[in-house]
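upload-v5.cif (mmCIF, C-alpha atoms and all ligand atoms) appears below.
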```
data_data
#
loop_
_atom_site.group_PDB
_atom_site.id
_atom_site.type_symbol
_atom_site.label_atom_id
_atom_site.label_comp_id
_atom_site.auth_asym_id
_atom_site.auth_seq_id
_atom_site.Cartn_x
_atom_site.Cartn_y
_atom_site.Cartn_z
ATOM 1 C CA MET A 19 -43.919 -23.947 64.143
ATOM 2 C CA THR A 20 -42.346 -25.795 67.058
ATOM 3 C CA THR A 21 -41.853 -29.458 67.665
ATOM 4 C CA SER A 22 -42.451 -31.209 70.941
ATOM 5 C CA LYS A 23 -40.243 -34.070 69.786
ATOM 6 C CA PRO A 24 -36.853 -34.342 71.520
ATOM 7 C CA ILE A 25 -33.905 -33.341 69.334
ATOM 8 C CA LYS A 26 -32.245 -36.586 68.300
ATOM 9 C CA PRO A 27 -28.544 -36.638 67.409
ATOM 10 C CA VAL A 28 -27.462 -36.948 63.760
ATOM 11 C CA ARG A 29 -25.563 -40.244 63.518
ATOM 12 C CA LYS A 30 -26.024 -41.241 59.888
ATOM 13 C CA ALA A 31 -25.003 -39.652 56.619
ATOM 14 C CA VAL A 32 -26.183 -40.401 53.102
ATOM 15 C CA LEU A 33 -23.655 -39.777 50.330
ATOM 16 C CA PRO A 34 -25.210 -39.917 46.856
ATOM 17 C CA VAL A 35 -22.487 -41.062 44.443
ATOM 18 C CA ALA A 36 -24.446 -42.541 41.549
ATOM 19 C CA GLY A 37 -24.009 -39.605 39.119
ATOM 20 C CA MET A 38 -22.333 -40.291 35.774
ATOM 21 C CA GLY A 39 -19.926 -37.351 35.836
ATOM 22 C CA THR A 40 -20.521 -36.450 32.201
ATOM 23 C CA ARG A 41 -18.966 -33.006 32.716
ATOM 24 C CA PHE A 42 -15.583 -34.657 33.261
ATOM 25 C CA LEU A 43 -15.500 -37.023 30.288
ATOM 26 C CA PRO A 44 -13.291 -38.671 29.179
ATOM 27 C CA ALA A 45 -11.698 -38.700 32.679
ATOM 28 C CA THR A 46 -14.823 -40.290 34.167
ATOM 29 C CA LYS A 47 -15.390 -42.957 31.526
ATOM 30 C CA ALA A 48 -13.970 -45.702 33.760
ATOM 31 C CA VAL A 49 -13.248 -43.751 36.975
ATOM 32 C CA PRO A 50 -16.093 -42.421 39.143
ATOM 33 C CA LYS A 51 -16.037 -38.624 39.381
ATOM 34 C CA GLU A 52 -15.949 -38.973 43.171
ATOM 35 C CA MET A 53 -12.528 -40.647 42.836
ATOM 36 C CA LEU A 54 -10.910 -37.745 40.981
ATOM 37 C CA THR A 55 -8.244 -36.339 43.235
ATOM 38 C CA VAL A 56 -7.874 -32.974 44.868
ATOM 39 C CA VAL A 57 -4.114 -32.982 45.502
ATOM 40 C CA ASP A 58 -3.709 -36.440 47.070
ATOM 41 C CA LYS A 59 -7.191 -37.451 48.194
ATOM 42 C CA PRO A 60 -10.233 -38.418 46.161
ATOM 43 C CA VAL A 61 -13.084 -35.916 46.265
ATOM 44 C CA ILE A 62 -15.287 -38.373 48.197
ATOM 45 C CA GLN A 63 -12.806 -38.607 51.058
ATOM 46 C CA TYR A 64 -13.191 -34.912 51.869
ATOM 47 C CA ALA A 65 -16.932 -35.405 52.430
ATOM 48 C CA VAL A 66 -16.403 -38.534 54.539
ATOM 49 C CA GLU A 67 -13.820 -36.749 56.704
ATOM 50 C CA GLU A 68 -16.128 -33.743 57.108
ATOM 51 C CA ALA A 69 -18.959 -36.075 58.175
ATOM 52 C CA ALA A 70 -16.758 -38.029 60.601
ATOM 53 C CA ALA A 71 -15.581 -34.758 62.181
ATOM 54 C CA ALA A 72 -19.256 -33.831 62.705
ATOM 55 C CA GLY A 73 -19.859 -37.023 64.698
ATOM 56 C CA ILE A 74 -21.354 -39.189 61.948
ATOM 57 C CA GLU A 75 -21.065 -42.899 62.785
ATOM 58 C CA GLN A 76 -22.759 -44.531 59.780
ATOM 59 C CA PHE A 77 -21.939 -43.719 56.167
ATOM 60 C CA ILE A 78 -24.502 -44.783 53.586
ATOM 61 C CA PHE A 79 -23.343 -44.534 49.985
ATOM 62 C CA VAL A 80 -25.934 -44.549 47.240
ATOM 63 C CA THR A 81 -23.939 -45.854 44.305
ATOM 64 C CA GLY A 82 -24.573 -46.927 40.736
ATOM 65 C CA ARG A 83 -22.970 -49.063 38.076
ATOM 66 C CA GLY A 84 -19.196 -48.748 37.764
ATOM 67 C CA LYS A 85 -18.731 -47.269 41.240
ATOM 68 C CA HIS A 86 -17.244 -50.311 42.996
ATOM 69 C CA VAL A 87 -13.819 -48.665 43.423
ATOM 70 C CA ILE A 88 -15.461 -46.380 45.985
ATOM 71 C CA GLU A 89 -16.126 -49.514 48.071
ATOM 72 C CA ASP A 90 -12.509 -50.581 47.619
ATOM 73 C CA HIS A 91 -11.292 -47.150 48.649
ATOM 74 C CA PHE A 92 -12.986 -47.441 52.043
ATOM 75 C CA ASP A 93 -11.679 -50.981 52.664
ATOM 76 C CA HIS A 94 -8.290 -52.446 53.553
ATOM 77 C CA ALA A 95 -5.870 -52.948 50.687
ATOM 78 C CA TYR A 96 -3.898 -55.814 52.231
ATOM 79 C CA GLU A 97 -1.200 -56.245 49.578
ATOM 80 C CA LEU A 98 -0.508 -52.512 49.537
ATOM 81 C CA GLU A 99 -0.447 -52.287 53.331
ATOM 82 C CA ALA A 100 1.926 -55.272 53.562
ATOM 83 C CA LEU A 101 4.204 -53.712 50.959
ATOM 84 C CA LEU A 102 4.286 -50.315 52.703
ATOM 85 C CA SER A 103 4.971 -52.046 56.012
ATOM 86 C CA ALA A 104 7.808 -54.171 54.547
ATOM 87 C CA ARG A 105 9.377 -51.037 53.038
ATOM 88 C CA GLU A 106 8.932 -49.136 56.301
ATOM 89 C CA LYS A 107 6.874 -46.440 54.627
ATOM 90 C CA THR A 108 5.180 -45.657 57.929
ATOM 91 C CA LYS A 109 3.812 -42.241 56.992
ATOM 92 C CA GLU A 110 2.035 -43.563 53.896
ATOM 93 C CA LEU A 111 0.773 -46.636 55.746
ATOM 94 C CA ASN A 112 -0.608 -44.569 58.626
ATOM 95 C CA SER A 113 -2.355 -42.172 56.289
ATOM 96 C CA LEU A 114 -4.083 -45.149 54.601
ATOM 97 C CA LEU A 115 -5.142 -46.666 57.914
ATOM 98 C CA GLU A 116 -6.283 -43.348 59.417
ATOM 99 C CA SER A 117 -8.649 -42.698 56.531
ATOM 100 C CA LEU A 118 -10.364 -46.082 56.917
ATOM 101 C CA PRO A 119 -13.835 -45.933 58.490
ATOM 102 C CA GLU A 120 -14.500 -48.371 61.324
ATOM 103 C CA SER A 121 -15.612 -51.874 60.275
ATOM 104 C CA GLY A 122 -19.372 -52.035 59.839
ATOM 105 C CA SER A 123 -19.812 -48.277 59.623
ATOM 106 C CA VAL A 124 -20.078 -48.126 55.836
ATOM 107 C CA SER A 125 -22.951 -49.437 53.743
ATOM 108 C CA PHE A 126 -23.720 -49.319 50.070
ATOM 109 C CA THR A 127 -26.990 -49.397 48.206
ATOM 110 C CA ARG A 128 -27.609 -48.809 44.540
ATOM 111 C CA GLN A 129 -29.766 -46.299 42.794
ATOM 112 C CA GLN A 130 -30.845 -48.501 39.913
ATOM 113 C CA ALA A 131 -31.956 -45.684 37.621
ATOM 114 C CA PRO A 132 -30.872 -42.024 37.359
ATOM 115 C CA LYS A 133 -34.127 -40.511 38.620
ATOM 116 C CA GLY A 134 -32.704 -37.544 40.500
ATOM 117 C CA LEU A 135 -31.314 -36.578 43.895
ATOM 118 C CA GLY A 136 -34.639 -37.120 45.689
ATOM 119 C CA HIS A 137 -34.769 -40.662 44.380
ATOM 120 C CA ALA A 138 -31.127 -41.294 45.358
ATOM 121 C CA VAL A 139 -31.800 -40.209 48.947
ATOM 122 C CA TRP A 140 -35.027 -42.278 49.007
ATOM 123 C CA CYS A 141 -32.944 -45.353 48.054
ATOM 124 C CA ALA A 142 -31.211 -45.025 51.465
ATOM 125 C CA ARG A 143 -34.489 -45.022 53.471
ATOM 126 C CA HIS A 144 -34.126 -48.511 54.992
ATOM 127 C CA PHE A 145 -30.570 -47.789 56.126
ATOM 128 C CA VAL A 146 -31.567 -44.493 57.733
ATOM 129 C CA GLY A 147 -34.751 -45.737 59.415
ATOM 130 C CA ASP A 148 -36.635 -43.433 61.761
ATOM 131 C CA GLU A 149 -33.999 -40.889 62.763
ATOM 132 C CA PRO A 150 -32.494 -37.615 61.545
ATOM 133 C CA PHE A 151 -29.707 -37.904 59.017
ATOM 134 C CA ALA A 152 -27.271 -35.804 57.042
ATOM 135 C CA VAL A 153 -26.898 -35.699 53.282
ATOM 136 C CA LEU A 154 -23.557 -34.648 51.821
ATOM 137 C CA LEU A 155 -23.172 -34.073 48.090
ATOM 138 C CA PRO A 156 -19.493 -34.894 47.612
ATOM 139 C CA ASP A 157 -19.069 -32.576 44.611
ATOM 140 C CA GLU A 158 -18.892 -29.756 47.111
ATOM 141 C CA ILE A 159 -15.626 -29.506 49.023
ATOM 142 C CA LEU A 160 -16.087 -27.255 52.025
ATOM 143 C CA VAL A 161 -12.817 -26.809 53.876
ATOM 144 C CA ASP A 162 -11.425 -24.448 56.516
ATOM 145 C CA GLY A 163 -11.392 -24.733 60.275
ATOM 146 C CA VAL A 164 -14.636 -26.222 61.539
ATOM 147 C CA GLY A 165 -16.284 -28.277 58.795
ATOM 148 C CA CYS A 166 -19.630 -27.183 57.384
ATOM 149 C CA LEU A 167 -21.526 -30.208 58.732
ATOM 150 C CA SER A 168 -20.045 -29.679 62.217
ATOM 151 C CA GLN A 169 -21.285 -26.076 62.134
ATOM 152 C CA MET A 170 -24.737 -27.294 61.075
ATOM 153 C CA VAL A 171 -24.878 -30.010 63.740
ATOM 154 C CA ALA A 172 -24.140 -27.382 66.414
ATOM 155 C CA ALA A 173 -26.910 -25.126 65.070
ATOM 156 C CA TYR A 174 -29.322 -28.090 64.794
ATOM 157 C CA ALA A 175 -28.720 -28.951 68.452
ATOM 158 C CA GLU A 176 -30.516 -25.667 69.279
ATOM 159 C CA THR A 177 -33.431 -25.857 66.848
ATOM 160 C CA GLY A 178 -33.953 -29.476 65.768
ATOM 161 C CA GLY A 179 -35.953 -30.044 62.586
ATOM 162 C CA CYS A 180 -34.191 -29.622 59.252
ATOM 163 C CA VAL A 181 -31.150 -27.474 58.452
ATOM 164 C CA VAL A 182 -29.728 -26.876 54.979
ATOM 165 C CA ALA A 183 -26.432 -25.131 54.190
ATOM 166 C CA VAL A 184 -26.908 -21.959 52.158
ATOM 167 C CA ARG A 185 -24.716 -19.351 50.519
ATOM 168 C CA GLU A 186 -25.467 -16.329 48.350
ATOM 169 C CA VAL A 187 -24.893 -16.889 44.621
ATOM 170 C CA PRO A 188 -24.997 -14.414 41.717
ATOM 171 C CA LEU A 189 -28.567 -13.911 40.468
ATOM 172 C CA GLU A 190 -27.804 -15.442 37.071
ATOM 173 C CA GLU A 191 -26.807 -18.707 38.818
ATOM 174 C CA THR A 192 -30.102 -19.383 40.641
ATOM 175 C CA LYS A 193 -31.077 -21.871 37.944
ATOM 176 C CA ARG A 194 -28.245 -24.165 39.050
ATOM 177 C CA TYR A 195 -29.430 -24.561 42.660
ATOM 178 C CA GLY A 196 -32.225 -25.053 45.141
ATOM 179 C CA ILE A 197 -33.086 -21.497 46.262
ATOM 180 C CA ILE A 198 -34.696 -20.713 49.607
ATOM 181 C CA ALA A 199 -37.360 -18.130 50.416
ATOM 182 C CA PRO A 200 -36.019 -16.493 53.595
ATOM 183 C CA THR A 201 -38.342 -14.914 56.158
ATOM 184 C CA GLY A 202 -35.913 -13.782 58.843
ATOM 185 C CA GLU A 203 -32.382 -14.204 60.090
ATOM 186 C CA LYS A 204 -30.997 -14.890 63.561
ATOM 187 C CA GLY A 205 -27.217 -15.254 63.613
ATOM 188 C CA SER A 206 -26.355 -17.829 60.967
ATOM 189 C CA MET A 207 -29.835 -19.393 60.978
ATOM 190 C CA ILE A 208 -32.363 -18.257 58.401
ATOM 191 C CA ALA A 209 -36.053 -19.015 58.839
ATOM 192 C CA MET A 210 -37.647 -19.904 55.540
ATOM 193 C CA SER A 211 -41.079 -20.248 54.014
ATOM 194 C CA GLY A 212 -40.130 -22.297 50.979
ATOM 195 C CA VAL A 213 -37.455 -23.698 48.712
ATOM 196 C CA VAL A 214 -37.570 -23.986 44.920
ATOM 197 C CA GLU A 215 -35.405 -26.142 42.668
ATOM 198 C CA LYS A 216 -33.446 -24.292 39.977
ATOM 199 C CA PRO A 217 -35.672 -21.220 39.489
ATOM 200 C CA ASP A 218 -35.019 -18.700 36.740
ATOM 201 C CA PRO A 219 -33.453 -15.513 38.115
ATOM 202 C CA ALA A 220 -36.705 -13.656 37.415
ATOM 203 C CA SER A 221 -38.736 -15.910 39.706
ATOM 204 C CA ALA A 222 -36.054 -16.833 42.284
ATOM 205 C CA PRO A 223 -37.279 -16.110 45.843
ATOM 206 C CA SER A 224 -33.738 -14.978 46.846
ATOM 207 C CA ARG A 225 -30.100 -15.513 45.926
ATOM 208 C CA LEU A 226 -29.566 -17.938 48.827
ATOM 209 C CA ALA A 227 -28.643 -21.291 47.313
ATOM 210 C CA VAL A 228 -28.678 -24.704 48.995
ATOM 211 C CA ILE A 229 -25.071 -25.915 48.964
ATOM 212 C CA GLY A 230 -24.901 -29.693 49.178
ATOM 213 C CA ARG A 231 -25.214 -30.237 52.947
ATOM 214 C CA TYR A 232 -28.475 -31.149 54.637
ATOM 215 C CA ILE A 233 -29.726 -32.305 58.032
ATOM 216 C CA LEU A 234 -33.129 -33.862 57.432
ATOM 217 C CA GLN A 235 -35.815 -35.603 59.447
ATOM 218 C CA PRO A 236 -37.045 -39.051 58.388
ATOM 219 C CA GLU A 237 -40.458 -37.555 57.484
ATOM 220 C CA VAL A 238 -38.797 -36.516 54.205
ATOM 221 C CA PHE A 239 -39.003 -40.164 53.082
ATOM 222 C CA GLY A 240 -42.804 -40.000 53.348
ATOM 223 C CA GLU A 241 -42.709 -37.128 50.853
ATOM 224 C CA LEU A 242 -40.176 -38.852 48.595
ATOM 225 C CA ASP A 243 -42.465 -41.912 48.548
ATOM 226 C CA ARG A 244 -44.718 -39.939 46.193
ATOM 227 C CA HIS A 245 -42.068 -40.171 43.470
ATOM 228 C CA GLU A 246 -43.304 -36.855 42.161
ATOM 229 C CA ILE A 247 -41.386 -35.584 39.139
ATOM 230 C CA GLY A 248 -40.042 -32.030 39.447
ATOM 231 C CA ALA A 249 -37.524 -29.708 37.773
ATOM 232 C CA GLY A 250 -35.421 -31.296 35.028
ATOM 233 C CA ASN A 251 -37.860 -34.220 34.917
ATOM 234 C CA GLU A 252 -36.296 -35.682 38.057
ATOM 235 C CA ILE A 253 -37.485 -36.562 41.563
ATOM 236 C CA GLN A 254 -36.173 -33.587 43.536
ATOM 237 C CA LEU A 255 -35.094 -33.604 47.175
ATOM 238 C CA THR A 256 -35.948 -29.897 47.199
ATOM 239 C CA ASP A 257 -39.653 -30.600 46.489
ATOM 240 C CA ALA A 258 -39.861 -33.133 49.330
ATOM 241 C CA MET A 259 -38.154 -30.679 51.705
ATOM 242 C CA ALA A 260 -40.516 -27.883 50.688
ATOM 243 C CA ARG A 261 -43.449 -29.963 51.934
ATOM 244 C CA LEU A 262 -41.897 -30.264 55.395
ATOM 245 C CA ILE A 263 -41.635 -26.502 55.884
ATOM 246 C CA GLY A 264 -44.301 -25.425 58.376
ATOM 247 C CA ARG A 265 -44.560 -28.925 59.845
ATOM 248 C CA MET A 266 -41.266 -28.732 61.755
ATOM 249 C CA PRO A 267 -38.487 -26.182 62.339
ATOM 250 C CA PHE A 268 -36.729 -25.611 59.006
ATOM 251 C CA HIS A 269 -33.713 -23.342 58.593
ATOM 252 C CA GLY A 270 -31.121 -22.314 56.103
ATOM 253 C CA TYR A 271 -27.662 -22.160 57.666
ATOM 254 C CA ARG A 272 -25.188 -19.568 56.433
ATOM 255 C CA PHE A 273 -21.940 -21.501 56.798
ATOM 256 C CA THR A 274 -18.450 -20.057 56.986
ATOM 257 C CA GLY A 275 -15.393 -21.303 55.128
ATOM 258 C CA GLN A 276 -14.229 -21.901 51.604
ATOM 259 C CA ARG A 277 -16.385 -23.694 49.085
ATOM 260 C CA TYR A 278 -15.137 -25.442 45.956
ATOM 261 C CA ASP A 279 -17.632 -26.807 43.466
ATOM 262 C CA CYS A 280 -15.829 -29.888 42.206
ATOM 263 C CA GLY A 281 -18.776 -30.776 39.979
ATOM 264 C CA ASP A 282 -17.378 -28.206 37.597
ATOM 265 C CA LYS A 283 -13.978 -28.214 35.852
ATOM 266 C CA VAL A 284 -12.998 -24.711 36.949
ATOM 267 C CA GLY A 285 -14.132 -25.328 40.539
ATOM 268 C CA PHE A 286 -12.210 -28.599 40.555
ATOM 269 C CA LEU A 287 -8.993 -26.900 39.397
ATOM 270 C CA HIS A 288 -9.566 -24.105 41.913
ATOM 271 C CA ALA A 289 -9.846 -26.737 44.682
ATOM 272 C CA ASN A 290 -6.607 -28.384 43.577
ATOM 273 C CA ILE A 291 -4.698 -25.102 43.573
ATOM 274 C CA ALA A 292 -6.166 -23.818 46.854
ATOM 275 C CA VAL A 293 -5.746 -27.108 48.737
ATOM 276 C CA GLY A 294 -2.282 -27.547 47.169
ATOM 277 C CA LEU A 295 -1.239 -24.102 48.431
ATOM 278 C CA GLU A 296 -2.116 -25.245 51.966
ATOM 279 C CA HIS A 297 -0.395 -28.627 51.637
ATOM 280 C CA PRO A 298 2.887 -28.754 53.602
ATOM 281 C CA ASP A 299 4.726 -30.937 51.053
ATOM 282 C CA ILE A 300 3.880 -29.034 47.889
ATOM 283 C CA SER A 301 2.854 -25.475 48.727
ATOM 284 C CA GLY A 302 6.380 -24.067 48.165
ATOM 285 C CA PRO A 303 7.009 -25.559 44.710
ATOM 286 C CA LEU A 304 3.391 -24.935 43.698
ATOM 287 C CA LYS A 305 3.741 -21.216 44.544
ATOM 288 C CA GLU A 306 6.873 -21.066 42.392
ATOM 289 C CA ILE A 307 5.061 -22.676 39.483
ATOM 290 C CA LEU A 308 2.113 -20.298 39.787
ATOM 291 C CA LYS A 309 4.479 -17.311 39.878
ATOM 292 C CA SER A 310 6.330 -18.590 36.805
ATOM 293 C CA LEU A 311 3.066 -18.652 34.838
ATOM 294 C CA LYS A 312 3.114 -14.812 34.836
ATOM 295 C CA LEU A 313 -0.657 -14.494 34.548
HETATM 296 C C1 LIG B 1 -28.432 -30.437 43.695
HETATM 297 C C2 LIG B 1 -29.743 -30.007 44.350
HETATM 298 C C3 LIG B 1 -29.820 -28.488 44.450
HETATM 299 C C4 LIG B 1 -28.599 -27.976 45.208
HETATM 300 C C5 LIG B 1 -27.310 -28.454 44.509
HETATM 301 C C6 LIG B 1 -26.094 -28.060 45.336
HETATM 302 O O1 LIG B 1 -28.451 -30.037 42.347
HETATM 303 O O2 LIG B 1 -30.822 -30.530 43.597
HETATM 304 O O3 LIG B 1 -30.996 -28.119 45.130
HETATM 305 O O4 LIG B 1 -28.635 -26.569 45.275
HETATM 306 O O5 LIG B 1 -27.315 -29.877 44.360
HETATM 307 O O6 LIG B 1 -24.909 -28.416 44.708
HETATM 308 P P1 LIG B 1 -27.437 -30.677 41.267
HETATM 309 O O7 LIG B 1 -26.138 -29.946 41.422
HETATM 310 O O8 LIG B 1 -27.320 -32.130 41.582
HETATM 311 O O9 LIG B 1 -28.084 -30.426 39.943
#
```

Re-express the file's structure as structure tokens.
Ligand code: G1P
Amino acid sequence: MTTSKPIKPVRKAVLPVAGMGTRFLPATKAVPKEMLTVVDKPVIQYAVEEAAAAGIEQFIFVTGRGKHVIEDHFDHAYELEALLSAREKTKELNSLLESLPESGSVSFTRQQAPKGLGHAVWCARHFVGDEPFAVLLPDEILVDGVGCLSQMVAAYAETGGCVVAVREVPLEETKRYGIIAPTGEKGSMIAMSGVVEKPDPASAPSRLAVIGRYILQPEVFGELDRHEIGAGNEIQLTDAMARLIGRMPFHGYRFTGQRYDCGDKVGFLHANIAVGLEHPDISGPLKEILKSLKL
């Protein structure tokens, strides 16, 4: 199971942001779920910053109807910048400018129908072309020290092939995730013989769940081309990945650091409290408020 191909660097990231965010209605009726804020940054910005820190140079958003404010968020806001400059609000102005990706490094394509994560990633195929790429599901905020994708890129530099972030979940939660079948572990890298989308606990091959970060080879597009329908009646990225196992190195990566599942109301509130407690401007007053709640 080795590849003679040289290990190419990961320069591009696909960020699927077409989901409707029904779990957050009515908040997400007119606002994309990716623009909900964790303290003072929209959820999507955490993923973009994590990708940039891992050396990603091209950000490919797969959007849908009603998501245009995501484009605006990663563009200049001239009136606002002029106003901040005139009022000498340098800190605010710099934070806006620092978070802006370089011109030409962001592209947008639309997933025209909600056919699943595999289909969303397939929609980015022409932007990715024939090179390895990362996928970041922005619902997952993975903070702490070295970002999850940076950890994965370092591990990938040794093995090549595909690497997916994994973490153990309670058995009753396997039906919410892609679950890998591990065959052996070396450090943080886990060799695997398969991956199954949302298995019942009784048939789950392990409790190791795929957590929203992937490094994939372009061969996955060949598998996604089949448009095969999988779990939940959707085209699953997991099914396409499963067909690559055995054809190239394929590993689960046990990442370190905190994980907040912002696709879920409780996880989203957890992220706000935890990130708020680390935020220099608000951690003090926030601690006082939490203490006063007398839980
Ligand atoms: C998707 C993937 C699943 C993965 C999960 C991680 O599921 O299909 O394999 O484990 O993201 O968050 P979704 O949460 O979109 O249903």

Hey, can you pull every residue with an atom no more than 7 Å from (-30.5, -34.0, 56.6), using only C-alpha atoms, and send it as a PDB file with C-alpha atoms, in the frame of the given file?
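Saved to out37.pdb:
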```pdb
ATOM      1  CA  PRO A 150     -32.494 -37.615  61.545  1.00  0.00           C
ATOM      2  CA  PHE A 151     -29.707 -37.904  59.017  1.00  0.00           C
ATOM      3  CA  ALA A 152     -27.271 -35.804  57.042  1.00  0.00           C
ATOM      4  CA  VAL A 153     -26.898 -35.699  53.282  1.00  0.00           C
ATOM      5  CA  CYS A 180     -34.191 -29.622  59.252  1.00  0.00           C
ATOM      6  CA  VAL A 181     -31.150 -27.474  58.452  1.00  0.00           C
ATOM      7  CA  TYR A 232     -28.475 -31.149  54.637  1.00  0.00           C
ATOM      8  CA  ILE A 233     -29.726 -32.305  58.032  1.00  0.00           C
ATOM      9  CA  LEU A 234     -33.129 -33.862  57.432  1.00  0.00           C
ATOM     10  CA  GLN A 235     -35.815 -35.603  59.447  1.00  0.00           C
TER      11      GLN A 235
END
```

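Across the structure, atom CA of Phe239 of chain A and atom CA of Leu167 of chain A are spaced 20.9 Å apart.
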
For a quick check of understanding, using all atoms listed in the file, which of A:Thr81, A:Thr46, A:Asn251, A:Ser206 has the smallest distance to Gln129 of chain A? A:Thr81

Within 7 Å of ligand LIG 1 (chain B), counting all atoms listed in the file: which residues, as a PyMOL selection string? chain A and resi 135+155+158+194-197+215-216+227-230+254-256

What lies within 12 Å of Gly165 of chain A using all atoms listed in the file, ignoring chain neighbours under 6 positions off, as a count of residues only? 21

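Distances here use all atoms listed in the file; by that measure, the residue among A:Gly134, A:Val187, A:Leu295, A:Val213 closest to Gly248 of chain A is A:Gly134.
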
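In this structure, atom CA of Ala199 of chain A sits 21.5 Å away from atom CA of Glu252 of chain A.
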
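Among A:Gln130, A:Asn290, A:Thr201, A:Thr177, the residue with the shortest atom-to-atom distance to Gly84 of chain A, counting only C-alpha atoms, is A:Gln130.
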
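The result of the PyMOL selection byres (((chain A and resi 225) around 9) and not hetatm) on the shown file is Arg185, Glu186, Val187, Pro188, Leu189, Glu191, Thr192, Ile197, Ile198, Ala199, Pro219, Ala222, Pro223, Ser224, Leu226 and Ala227 of chain A.
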
Residues within 9 Å of Pro236 of chain A, only C-alpha atoms, excluding chain neighbours under 6 positions, as number ranges by chain: A: 143, 146-151

Given the PyMOL selection byres (((chain A and resi 119) around 9) and not hetatm) and the file above, list the residues it selects as an NGL selection string. :A and (66 or 70 or 75 or 77 or 92-93 or 115-118 or 120-124)

So how far away is atom CA of Met259 of chain A from atom CA of Gly212 of chain A, in Å? 8.6 Å
